[in-house]
$ cat structure24.tsv   # TSV, C-alpha atoms and all ligand atoms
chain	number	residue	atom	x	y	z
A	1	MET	CA	95.42	114.74	107.13
A	2	THR	CA	98.34	115.32	109.52
A	3	PHE	CA	100.73	112.46	109.96
A	4	ALA	CA	103.62	114.06	111.87
A	5	LEU	CA	105.72	112.06	109.46
A	6	ILE	CA	108.83	114.12	110.16
A	7	ALA	CA	108.79	113.18	113.87
A	8	GLY	CA	112.24	112.29	115.20
A	9	LEU	CA	114.21	113.56	112.20
A	10	ALA	CA	116.94	116.18	112.59
A	11	LEU	CA	116.08	119.23	110.51
A	12	GLN	CA	118.82	121.32	108.96
A	13	ALA	CA	117.15	124.45	107.67
A	14	GLN	CA	118.84	126.10	104.70
A	15	ALA	CA	117.85	129.32	102.93
A	16	ASP	CA	115.84	127.64	100.21
A	17	PHE	CA	115.37	124.04	101.32
A	18	ALA	CA	114.88	121.84	104.37
A	19	TRP	CA	117.13	118.80	104.79
A	20	PHE	CA	116.30	115.83	107.01
A	21	GLU	CA	118.79	113.05	107.68
A	22	VAL	CA	117.31	109.58	108.29
A	23	GLU	CA	119.27	106.95	110.22
A	24	GLY	CA	119.01	103.39	108.90
A	25	ILE	CA	117.04	100.72	110.78
A	26	LEU	CA	118.98	97.68	109.51
A	27	THR	CA	122.49	96.24	109.95
A	28	PRO	CA	124.95	97.35	108.67
A	29	PRO	CA	123.84	100.93	109.36
A	30	THR	CA	123.12	103.25	106.45
A	31	LYS	CA	122.01	106.83	106.13
A	32	SER	CA	119.52	108.55	103.86
A	33	ALA	CA	118.17	112.07	103.55
A	34	ILE	CA	115.11	114.03	102.46
A	35	ARG	CA	115.56	117.32	100.62
A	36	VAL	CA	112.54	119.63	100.57
A	37	PRO	CA	112.76	122.80	98.44
A	38	LEU	CA	110.73	125.52	100.14
A	39	ALA	CA	109.70	127.22	96.86
A	40	PRO	CA	107.84	125.75	93.88
A	41	LEU	CA	109.85	124.49	90.89
A	42	GLU	CA	110.71	127.16	88.32
A	43	ARG	CA	109.49	124.79	85.61
A	44	PRO	CA	106.67	122.66	87.02
A	45	LYS	CA	107.17	118.94	86.37
A	46	ARG	CA	104.78	117.26	83.96
A	47	SER	CA	103.69	113.68	84.45
A	48	PRO	CA	105.10	111.58	81.59
A	49	ILE	CA	101.75	109.78	81.22
A	50	HIS	CA	99.12	112.41	82.16
A	51	GLU	CA	98.44	116.08	81.37
A	52	TRP	CA	98.79	117.15	84.99
A	53	VAL	CA	101.60	119.44	86.23
A	54	PHE	CA	103.39	119.19	89.56
A	55	PRO	CA	104.97	122.42	90.87
A	56	ARG	CA	106.32	120.85	94.09
A	57	THR	CA	108.96	118.18	94.62
A	58	VAL	CA	110.78	116.34	97.40
A	59	THR	CA	113.95	114.27	96.81
A	60	GLY	CA	114.86	111.10	98.73
A	61	MET	CA	118.60	110.38	98.77
A	62	VAL	CA	120.76	107.45	99.94
A	63	GLU	CA	124.33	107.74	101.18
A	64	GLY	CA	127.12	105.76	99.55
A	65	ASN	CA	130.87	106.45	99.53
A	66	GLY	CA	130.29	109.55	101.65
A	67	GLU	CA	127.90	111.20	99.19
A	68	PHE	CA	124.13	111.40	98.95
A	69	ALA	CA	122.62	110.29	95.64
A	70	PRO	CA	118.94	110.58	94.62
A	71	ARG	CA	116.69	107.51	94.64
A	72	PHE	CA	113.21	109.13	94.72
A	73	ARG	CA	111.63	112.23	93.28
A	74	VAL	CA	108.18	112.73	94.78
A	75	PHE	CA	106.03	115.28	92.94
A	76	ARG	CA	102.99	117.09	94.29
A	77	GLN	CA	100.31	119.19	92.58
A	78	SER	CA	99.35	121.21	95.64
A	79	LEU	CA	100.56	121.38	99.22
A	80	GLU	CA	98.71	121.17	102.51
A	81	GLY	CA	100.53	123.36	105.02
A	82	LYS	CA	104.28	123.92	105.02
A	83	PRO	CA	106.37	122.09	102.39
A	84	GLU	CA	108.35	120.20	105.04
A	85	GLU	CA	105.15	118.96	106.72
A	86	ASP	CA	103.41	117.84	103.52
A	87	VAL	CA	102.46	114.20	102.99
A	88	SER	CA	105.06	114.03	100.19
A	89	VAL	CA	107.78	114.12	102.89
A	90	GLY	CA	106.18	111.13	104.64
A	91	VAL	CA	105.94	109.27	101.32
A	92	THR	CA	109.64	109.90	100.75
A	93	ARG	CA	110.54	108.72	104.26
A	94	PHE	CA	108.57	105.48	103.84
A	95	LEU	CA	110.08	104.80	100.41
A	96	LEU	CA	113.59	105.39	101.82
A	97	ARG	CA	112.86	102.54	104.28
A	98	LEU	CA	111.91	100.28	101.36
A	99	VAL	CA	115.05	101.07	99.33
A	100	GLU	CA	117.05	100.45	102.52
A	101	ILE	CA	115.48	96.97	102.78
A	102	ASN	CA	116.25	96.33	99.10
A	103	ARG	CA	119.85	97.53	99.27
A	104	THR	CA	120.81	96.11	102.67
A	105	SER	CA	118.90	92.83	102.73
A	106	PHE	CA	118.36	91.91	99.06
A	107	ARG	CA	121.37	93.57	97.36
A	108	LEU	CA	118.94	95.24	94.95
A	109	ASP	CA	119.11	98.86	93.86
A	110	HIS	CA	117.32	100.98	91.30
A	111	GLY	CA	118.18	99.88	87.79
A	112	VAL	CA	120.88	101.71	85.85
A	113	GLU	CA	118.68	101.55	82.74
A	114	PHE	CA	116.93	104.55	84.34
A	115	PRO	CA	119.61	107.30	84.10
A	116	SER	CA	118.28	109.25	87.09
A	117	ARG	CA	118.44	106.08	89.28
A	118	THR	CA	115.21	107.42	90.81
A	119	VAL	CA	111.71	106.06	91.16
A	120	ASP	CA	109.54	109.09	90.31
A	121	VAL	CA	106.37	109.25	92.38
A	122	TYR	CA	103.48	111.49	91.26
A	123	LEU	CA	100.93	112.25	93.96
A	124	CYS	CA	97.90	113.10	91.80
A	125	ASP	CA	94.86	115.03	92.99
A	126	GLY	CA	92.75	113.51	90.20
A	127	GLY	CA	92.07	110.06	88.84
A	128	ASP	CA	90.26	107.05	90.25
A	129	PRO	CA	91.49	105.82	93.65
A	130	GLY	CA	94.48	103.50	93.33
A	131	ALA	CA	98.04	103.54	92.07
A	132	LEU	CA	100.03	102.47	89.02
A	133	GLN	CA	103.69	101.67	88.35
A	134	ARG	CA	104.98	102.12	84.83
A	135	ALA	CA	108.38	102.30	83.11
A	136	THR	CA	108.12	104.95	80.40
A	137	VAL	CA	110.08	107.81	78.83
A	138	ASP	CA	110.06	111.37	80.16
A	139	LYS	CA	110.39	114.36	77.82
A	140	ASP	CA	111.22	116.57	80.83
A	141	ASP	CA	114.26	114.38	81.53
A	142	SER	CA	116.33	114.60	78.37
A	143	LEU	CA	119.66	112.84	77.94
A	144	PRO	CA	122.81	114.62	76.72
A	145	GLY	CA	121.92	113.82	73.07
A	146	GLY	CA	118.44	115.31	73.52
A	147	SER	CA	116.46	112.04	73.57
A	148	ALA	CA	113.94	111.44	76.36
A	149	ALA	CA	115.23	109.39	79.31
A	150	LYS	CA	113.71	106.13	80.47
A	151	VAL	CA	112.03	106.58	83.86
A	152	ASN	CA	110.52	104.29	86.49
A	153	THR	CA	107.30	105.93	87.70
A	154	ILE	CA	104.59	105.42	90.30
A	155	HIS	CA	101.37	107.44	90.14
A	156	VAL	CA	99.11	107.55	93.19
A	157	TYR	CA	95.63	108.88	92.32
A	158	ASP	CA	92.97	110.77	94.25
A	159	VAL	CA	95.43	111.38	97.09
A	160	LYS	CA	93.02	113.61	99.01
A	161	GLY	CA	90.61	110.66	99.19
A	162	LEU	CA	93.32	108.33	100.51
A	163	SER	CA	92.76	108.71	104.24
A	164	SER	CA	93.71	105.24	105.56
A	165	ARG	CA	97.30	105.09	106.77
A	166	ILE	CA	97.69	101.35	106.23
A	167	GLU	CA	96.23	101.77	102.73
A	168	TRP	CA	98.82	104.47	101.93
A	169	ALA	CA	101.58	102.09	103.08
A	170	ARG	CA	100.09	99.14	101.17
A	171	GLU	CA	99.67	101.07	97.90
A	172	LEU	CA	103.23	102.43	98.01
A	173	ALA	CA	104.77	99.08	99.01
A	174	HIS	CA	102.83	97.32	96.24
A	175	GLU	CA	103.92	99.74	93.52
A	176	TYR	CA	107.50	99.80	94.79
A	177	GLY	CA	107.49	96.00	94.47
A	178	HIS	CA	106.47	96.39	90.82
A	179	ALA	CA	109.16	99.07	90.38
A	180	THR	CA	112.09	97.14	91.86
A	181	LEU	CA	111.56	93.41	92.56
A	182	PRO	CA	112.31	90.95	89.74
A	183	PRO	CA	109.18	90.51	87.61
A	184	VAL	CA	107.40	87.14	87.79
A	185	ARG	CA	104.49	86.57	85.41
A	186	ILE	CA	101.62	84.33	86.53
A	187	ALA	CA	99.44	82.93	83.75
A	188	LYS	CA	95.75	83.80	84.32
A	189	GLY	CA	96.60	85.28	87.73
A	190	PRO	CA	94.58	88.00	89.47
A	191	GLU	CA	97.35	90.34	88.24
A	192	GLU	CA	99.75	89.57	85.42
A	193	TRP	CA	102.86	90.48	87.43
A	194	ALA	CA	103.23	89.17	90.99
A	195	ASN	CA	106.07	91.44	92.16
A	196	GLY	CA	103.61	94.09	93.40
A	197	ASP	CA	101.76	91.67	95.67
A	198	LEU	CA	105.07	90.15	96.79
A	199	GLY	CA	106.50	93.61	97.52
A	200	GLU	CA	103.62	94.74	99.69
A	201	ARG	CA	103.84	91.53	101.73
A	202	ILE	CA	107.64	91.56	102.10
A	203	TYR	CA	107.92	95.27	102.92
A	204	LEU	CA	104.93	95.52	105.28
A	205	ARG	CA	106.06	92.39	107.15
A	206	ARG	CA	109.57	93.86	107.46
A	207	MET	CA	108.20	97.21	108.69
A	208	ALA	CA	105.94	95.43	111.21
A	209	GLN	CA	109.06	93.64	112.53
A	210	ALA	CA	110.96	96.96	112.70
A	211	LEU	CA	108.11	98.58	114.67
A	212	ALA	CA	107.86	95.57	117.01
A	213	LEU	CA	111.62	95.79	117.70
A	214	GLY	CA	111.40	99.54	118.35
A	215	LYS	CA	113.75	100.28	115.41
A	216	ALA	CA	111.11	102.25	113.50
A	217	THR	CA	108.06	104.33	114.42
A	218	PRO	CA	104.75	104.93	112.61
A	219	SER	CA	106.39	108.06	111.14
A	220	ASP	CA	108.38	105.56	109.03
A	221	THR	CA	105.26	103.71	107.84
A	222	MET	CA	102.96	106.49	106.57
A	223	GLY	CA	101.41	106.52	110.05
A	224	ALA	CA	100.40	102.84	109.94
A	225	THR	CA	100.53	101.40	113.46
A	226	LEU	CA	102.04	98.12	114.66
A	227	ASP	CA	98.51	96.75	115.21
A	228	GLN	CA	97.46	97.66	111.68
A	229	LEU	CA	100.59	96.15	110.15
A	230	GLN	CA	100.33	92.97	112.24
A	231	GLU	CA	96.70	92.61	111.22
A	232	TYR	CA	97.77	92.96	107.57
A	233	VAL	CA	100.51	90.33	108.03
A	234	GLY	CA	98.12	87.96	109.84
A	235	LYS	CA	95.63	88.13	106.96
A	236	ASN	CA	97.86	88.43	103.91
A	237	VAL	CA	101.26	86.91	104.72
A	238	THR	CA	101.13	84.24	107.44
A	239	PRO	CA	98.50	82.00	105.76
A	240	LEU	CA	100.55	81.92	102.52
A	241	VAL	CA	103.77	81.09	104.40
A	242	LEU	CA	102.05	78.34	106.39
A	243	ALA	CA	100.57	76.80	103.24
A	244	ALA	CA	103.97	76.80	101.50
A	245	ALA	CA	105.73	75.36	104.57
A	246	VAL	CA	103.17	72.57	105.04
A	247	GLN	CA	102.61	71.68	101.37
A	248	GLY	CA	106.00	72.40	99.78
A	249	PRO	CA	106.42	74.20	96.46
A	250	ARG	CA	103.26	72.93	94.64
A	251	SER	CA	105.02	72.78	91.27
A	252	ALA	CA	101.83	71.88	89.36
A	253	ASP	CA	99.98	74.96	90.69
A	254	LEU	CA	103.00	77.15	89.89
A	255	ALA	CA	103.02	75.89	86.31
A	256	ALA	CA	99.22	76.16	85.89
A	257	GLY	CA	98.92	79.74	87.23
A	258	GLY	CA	95.55	81.26	88.15
A	259	GLN	CA	94.75	82.28	91.72
A	260	GLU	CA	96.19	78.99	93.04
A	261	GLY	CA	99.46	79.50	91.20
A	262	PHE	CA	99.60	83.15	92.25
A	263	ASP	CA	99.16	82.24	95.93
A	264	ALA	CA	101.59	79.31	95.63
A	265	TYR	CA	104.24	81.65	94.18
A	266	LEU	CA	103.73	84.30	96.87
A	267	GLY	CA	103.87	81.64	99.59
A	268	LEU	CA	107.03	80.10	98.16
A	269	ALA	CA	108.83	83.47	97.90
A	270	LEU	CA	107.69	84.54	101.38
A	271	LEU	CA	108.74	81.17	102.84
A	272	ALA	CA	112.13	81.55	101.14
A	273	GLU	CA	112.50	85.05	102.61
A	274	SER	CA	111.55	83.63	106.04
A	275	ILE	CA	113.87	80.61	106.20
A	276	LEU	CA	116.89	81.41	103.99
A	277	PRO	CA	119.92	83.47	105.05
A	278	ARG	CA	119.44	86.91	103.50
A	279	SER	CA	122.38	86.56	101.09
A	280	VAL	CA	120.92	83.28	99.78
A	281	PHE	CA	117.44	84.81	99.40
A	282	ALA	CA	119.05	87.74	97.56
A	283	ARG	CA	120.66	85.30	95.11
A	284	SER	CA	117.32	83.51	94.57
A	285	LEU	CA	115.87	86.80	93.30
A	286	VAL	CA	118.47	87.23	90.56
A	287	LEU	CA	119.09	83.60	89.50
A	288	PRO	CA	115.82	82.77	87.65
A	289	ASP	CA	116.46	82.10	83.96
A	290	ASP	CA	113.02	83.32	82.94
A	291	GLN	CA	110.06	85.18	84.46
A	292	SER	CA	107.97	82.11	85.34
A	293	PRO	CA	107.20	81.03	88.90
A	294	SER	CA	108.68	77.60	88.08
A	295	ALA	CA	112.01	79.30	87.31
A	296	TYR	CA	111.84	80.93	90.73
A	297	GLU	CA	111.33	77.53	92.37
A	298	ARG	CA	114.49	76.27	90.59
A	299	ALA	CA	116.35	79.46	91.56
A	300	ILE	CA	115.76	78.80	95.27
A	301	LEU	CA	117.43	75.38	94.93
A	302	ALA	CA	120.26	76.90	92.86
A	303	ALA	CA	120.85	79.64	95.44
A	304	THR	CA	121.02	77.20	98.36
A	305	ALA	CA	123.42	74.96	96.39
A	306	GLU	CA	125.89	77.86	95.92
A	307	VAL	CA	126.91	78.06	99.58
A	308	ALA	CA	129.00	75.55	101.57
A	309	GLU	CA	126.35	75.52	104.30
A	310	TRP	CA	123.28	77.42	105.41
A	311	LYS	CA	121.23	77.55	108.56
A	312	PRO	CA	117.45	77.58	108.15
A	313	SER	CA	115.67	80.22	110.27
A	314	VAL	CA	112.32	79.12	111.56
A	315	PRO	CA	109.82	81.94	112.13
A	316	ALA	CA	107.64	81.74	115.24
A	317	GLU	CA	104.54	80.65	113.33
A	318	LEU	CA	106.40	77.55	112.04
A	319	ALA	CA	108.25	76.62	115.26
A	320	GLY	CA	108.05	72.90	116.06
A	321	LYS	CA	106.10	72.07	112.86
A	322	PRO	CA	107.34	69.83	110.03
A	323	ILE	CA	108.19	72.17	107.12
A	324	TRP	CA	109.43	71.83	103.53
A	325	ILE	CA	112.91	73.25	102.87
A	326	PRO	CA	115.04	73.39	99.70
A	327	LEU	CA	117.56	70.64	100.53
A	328	GLY	CA	118.84	69.81	97.03
A	329	LYS	CA	121.82	67.47	97.33
A	330	GLY	CA	122.64	68.93	100.75
A	331	LYS	CA	122.92	67.02	104.03
A	332	LEU	CA	120.76	68.04	106.96
A	333	GLU	CA	122.31	67.99	110.42
A	334	GLY	CA	120.24	68.81	113.49
A	335	GLY	CA	116.97	67.74	111.91
A	336	THR	CA	114.99	64.78	110.59
A	337	ILE	CA	113.92	64.22	106.98
A	338	LEU	CA	110.31	62.97	106.74
A	339	ALA	CA	109.77	63.08	102.95
A	340	ARG	CA	111.41	64.29	99.72
A	341	ALA	CA	110.06	65.68	96.45
A	342	GLY	CA	111.79	67.49	93.58
A	343	GLY	CA	114.85	68.65	95.52
A	344	TRP	CA	112.77	69.72	98.51
A	345	ALA	CA	112.50	67.87	101.81
A	346	LYS	CA	109.87	67.85	104.54
A	347	VAL	CA	111.80	68.12	107.77
A	348	THR	CA	111.62	68.77	111.47
A	349	LEU	CA	114.37	71.08	112.66
A	350	ARG	CA	116.14	71.56	115.96
A	351	ASN	CA	117.70	74.89	116.92
A	352	GLU	CA	121.15	73.93	115.67
A	353	ALA	CA	119.91	72.60	112.29
A	354	VAL	CA	122.27	73.27	109.38
A	355	VAL	CA	122.37	72.17	105.73
A	356	THR	CA	125.83	71.37	104.33
A	357	ASN	CA	126.54	70.98	100.61
B	1	ZN	ZN	99.96	95.44	91.06
$ encode --input "structure24.tsv" --output "structure tokens" --more "lines below"
Ligand SMILES: [Zn+2]
Amino acid sequence: MTFALIAGLALQAQADFAWFEVEGILTPPTKSAIRVPLAPLERPKRSPIHEWVFPRTVTGMVEGNGEFAPRFRVFRQSLEGKPEEDVSVGVTRFLLRLVEINRTSFRLDHGVEFPSRTVDVYLCDGGDPGALQRATVDKDDSLPGGSAAKVNTIHVYDVKGLSSRIEWARELAHEYGHATLPPVRIAKGPEEWANGDLGERIYLRRMAQALALGKATPSDTMGATLDQLQEYVGKNVTPLVLAAAVQGPRSADLAAGGQEGFDAYLGLALLAESILPRSVFARSLVLPDDQSPSAYERAILAATAEVAEWKPSVPAELAGKPIWIPLGKGKLEGGTILARAGGWAKVTLRNEAVVTN
């Protein structure tokens, strides 16, 4: 499968590696880079959870304080074509977009409990189709005292069978959500941890917006097109946001869990990401006092109460409709309150609507 995933990147060829610099797509601007060694590793990397060995690697780096620091190590068992045209380079490019969204919009970065600060991605020829995120220890990555380092890993299986571009993007976005977004546990949910499903929805919606604005190209999205991403958003994101906006937080469903609670949580978090200023949404991610969806509902109210005022953004699909917003003890100007429940208010908003605390 050829993706042309290096399209548009400036290549600086060195004797033993290729180096691509990647300009940021968000404000403020950032820079990242992809380093591709042209030769195999002297000591092939072993997966920390499987027997397989990976002789090839690509490193994704982010710039900070004038220096590039690693955030991804993408390992490959066998190459197709030249190292710099391999799918592992496209995987790294896509993941660099996701860490850019995390760092710029959500003030999240890879945890310091992982000494490498990387998410290590193993592109596996074998295994059943699918992917898995796991925090584990890696004997190949020893610490100064000799003990094995804690690592944050994603394994993607049967990569030769993974031919759908949108499915590549969805799998990676899902596992990166598990790897980096705060964990929320849903009792009796379709999956125990909801941060994977939240991640794929947040990141693919963001990348669809970036493509629509001409800030990114399908080379940034594993080859997934604007049509494919918009179809994904229409099926998997918009209905959840609309349900949350029309019904409010559904506290009883959040507490009960199951599929209803899972969907209610996803809708609530996606609505929060849609309507809150990005600094307030970022605070909502780190304020929960436990890993329950009910704690997240409280964290949204706590985050909005921290600022002197905030302006709700209304996405196109909610324009002109009454929606539930986290009002708390705030005063709404430029809108009308229709109902209240548990700190939330059902409101209609005009363009200049603002909540003051
Ligand atoms: Zn998952």
$ residues_around --input "structure24.tsv" --residues "stretch 268-279 of chain A" --least-positions-apart "6" --cutoff "9 Å" --atoms "all atoms listed in the file" --output "list in words"
Ser105, Phe106, Arg107, Leu198, Arg201, Ile202, Val237, Thr238, Leu240, Val241, Leu242, Ala243, Ala244, Ala245, Gly248, Pro249, Arg250, Tyr296, Glu297, Ile300, Thr304, Trp310, Lys311, Pro312, Ser313, Val314, Pro315, Ile325 and Pro326 of chain A
$ closest_atom_pairs --input "structure24.tsv" --of "chain A" --to "ligand ZN 1 (chain B)" --cutoff "9 Å" --atoms "only C-alpha atoms and all ligand atoms" --output "tab-separated table"
residue	atom	partner	partner_atom	distance
A:Ala131	CA	B:ZN1	ZN	8.4
A:Leu132	CA	B:ZN1	ZN	7.3
A:Gln133	CA	B:ZN1	ZN	7.8
A:Glu171	CA	B:ZN1	ZN	8.9
A:His174	CA	B:ZN1	ZN	6.2
A:Glu175	CA	B:ZN1	ZN	6.3
A:Gly177	CA	B:ZN1	ZN	8.3
A:His178	CA	B:ZN1	ZN	6.6
A:Glu191	CA	B:ZN1	ZN	6.4
A:Glu192	CA	B:ZN1	ZN	8.1
A:Trp193	CA	B:ZN1	ZN	6.8
A:Ala194	CA	B:ZN1	ZN	7.1
A:Asn195	CA	B:ZN1	ZN	7.4
A:Gly196	CA	B:ZN1	ZN	4.5
A:Asp197	CA	B:ZN1	ZN	6.2
$ write_last_selection --input "structure24.tsv" --atoms "C-alpha atoms" --output "compact mmCIF listing (two decimals), keeping the file's coordinate frame"
# COMPACT_ATOMS: atom_id res chain seq x y z
CA ALA A 131 98.04 103.54 92.07
CA LEU A 132 100.03 102.47 89.02
CA GLN A 133 103.69 101.67 88.35
CA GLU A 171 99.67 101.07 97.90
CA HIS A 174 102.83 97.32 96.24
CA GLU A 175 103.92 99.74 93.52
CA GLY A 177 107.49 96.00 94.47
CA HIS A 178 106.47 96.39 90.82
CA GLU A 191 97.35 90.34 88.24
CA GLU A 192 99.75 89.57 85.42
CA TRP A 193 102.86 90.48 87.43
CA ALA A 194 103.23 89.17 90.99
CA ASN A 195 106.07 91.44 92.16
CA GLY A 196 103.61 94.09 93.40
CA ASP A 197 101.76 91.67 95.67
$ residues_around --input "structure24.tsv" --residues "A:Thr27" --least-positions-apart "4" --cutoff "12 Å" --atoms "only C-alpha atoms" --output "list in words"
Glu23, Lys31, Glu100, Ile101, Arg103, Thr104, Ser105, Ala210, Lys215 and Arg278 of chain A
$ residues_around --input "structure24.tsv" --residues "stretch 68-75 of chain A" --least-positions-apart "4" --cutoff "8 Å" --atoms "all atoms listed in the file" --output "list of chain:residue names"
A:Ser32, A:Ala33, A:Lys45, A:Phe54, A:Pro55, A:Arg56, A:Thr57, A:Val58, A:Thr59, A:Gly60, A:Met61, A:Val62, A:Glu63, A:Gly64, A:Ser88, A:Val91, A:Thr92, A:Leu95, A:His110, A:Ser116, A:Arg117, A:Thr118, A:Val119, A:Asp120, A:Val121, A:Tyr122, A:Leu123
$ closest_residue --input "structure24.tsv" --among "A:Glu51, A:Asp125, A:Glu84, A:Asp289" --to "A:Asp16" --atoms "only C-alpha atoms"
A:Glu84
$ atom_distance --input "structure24.tsv" --atom1 "atom CA of A:Asp227" --atom2 "atom CA of A:Gly320"
25.7 Å
$ atom_distance --input "structure24.tsv" --atom1 "atom CA of A:Ile34" --atom2 "atom CA of A:Val89"
7.3 Å
$ atom_distance --input "structure24.tsv" --atom1 "atom CA of A:Asp86" --atom2 "atom CA of A:Ile154"
18.2 Å
$ closest_residue --input "structure24.tsv" --among "A:Leu327, A:Leu38, A:Ala255, A:Leu318" --to "A:Gln291" --atoms "all atoms listed in the file"
A:Ala255
$ residues_around --input "structure24.tsv" --residues "A:Tyr203" --least-positions-apart "5" --cutoff "10 Å" --atoms "all atoms listed in the file" --output "list in words"
Arg97, Leu98, Val99, Ile101, Asn102, Ala169, Arg170, Leu172, Ala173, His174, Tyr176, Gly177, Leu198, Ala208 and Gln209 of chain A
$ build_atoms --input "structure24.tsv" --residues "stretch 143-163 of chain A" --atoms "N, CA and C atoms" --output "compact mmCIF listing (two decimals), in the frame of the given file"
# COMPACT_ATOMS: atom_id res chain seq x y z
N LEU A 143 118.28 113.31 77.84
CA LEU A 143 119.66 112.84 77.94
C LEU A 143 120.57 113.81 77.19
N PRO A 144 121.89 113.70 77.40
CA PRO A 144 122.81 114.62 76.72
C PRO A 144 122.55 114.75 75.21
N GLY A 145 122.20 113.71 74.51
CA GLY A 145 121.92 113.82 73.07
C GLY A 145 120.58 114.44 72.74
N GLY A 146 119.74 114.69 73.75
CA GLY A 146 118.44 115.31 73.52
C GLY A 146 117.28 114.32 73.55
N SER A 147 117.58 113.00 73.55
CA SER A 147 116.46 112.04 73.57
C SER A 147 115.89 111.94 74.99
N ALA A 148 114.61 111.52 75.06
CA ALA A 148 113.94 111.44 76.36
C ALA A 148 114.49 110.26 77.15
N ALA A 149 114.66 110.45 78.47
CA ALA A 149 115.23 109.39 79.31
C ALA A 149 114.16 108.40 79.72
N LYS A 150 114.60 107.15 79.93
CA LYS A 150 113.71 106.13 80.47
C LYS A 150 113.53 106.41 81.97
N VAL A 151 112.30 106.32 82.44
CA VAL A 151 112.03 106.58 83.86
C VAL A 151 111.15 105.49 84.44
N ASN A 152 111.28 105.29 85.75
CA ASN A 152 110.52 104.29 86.49
C ASN A 152 109.53 105.07 87.36
N THR A 153 108.25 105.02 87.05
CA THR A 153 107.30 105.93 87.70
C THR A 153 106.24 105.18 88.51
N ILE A 154 105.77 105.86 89.55
CA ILE A 154 104.59 105.42 90.30
C ILE A 154 103.64 106.62 90.34
N HIS A 155 102.39 106.41 89.97
CA HIS A 155 101.37 107.44 90.14
C HIS A 155 100.39 106.98 91.21
N VAL A 156 100.15 107.84 92.19
CA VAL A 156 99.11 107.55 93.19
C VAL A 156 97.98 108.54 92.91
N TYR A 157 96.75 108.04 92.75
CA TYR A 157 95.63 108.88 92.32
C TYR A 157 94.73 109.25 93.48
N ASP A 158 93.97 110.33 93.26
CA ASP A 158 92.97 110.77 94.25
C ASP A 158 93.57 110.81 95.66
N VAL A 159 94.74 111.46 95.80
CA VAL A 159 95.43 111.38 97.09
C VAL A 159 94.64 112.02 98.23
N LYS A 160 93.80 112.99 97.91
CA LYS A 160 93.02 113.61 99.01
C LYS A 160 91.98 112.62 99.56
N GLY A 161 91.58 111.66 98.74
CA GLY A 161 90.61 110.66 99.19
C GLY A 161 91.27 109.49 99.90
N LEU A 162 92.61 109.46 99.90
CA LEU A 162 93.32 108.33 100.51
C LEU A 162 93.59 108.66 101.97
N SER A 163 92.65 108.28 102.85
CA SER A 163 92.76 108.71 104.24
C SER A 163 93.28 107.60 105.16
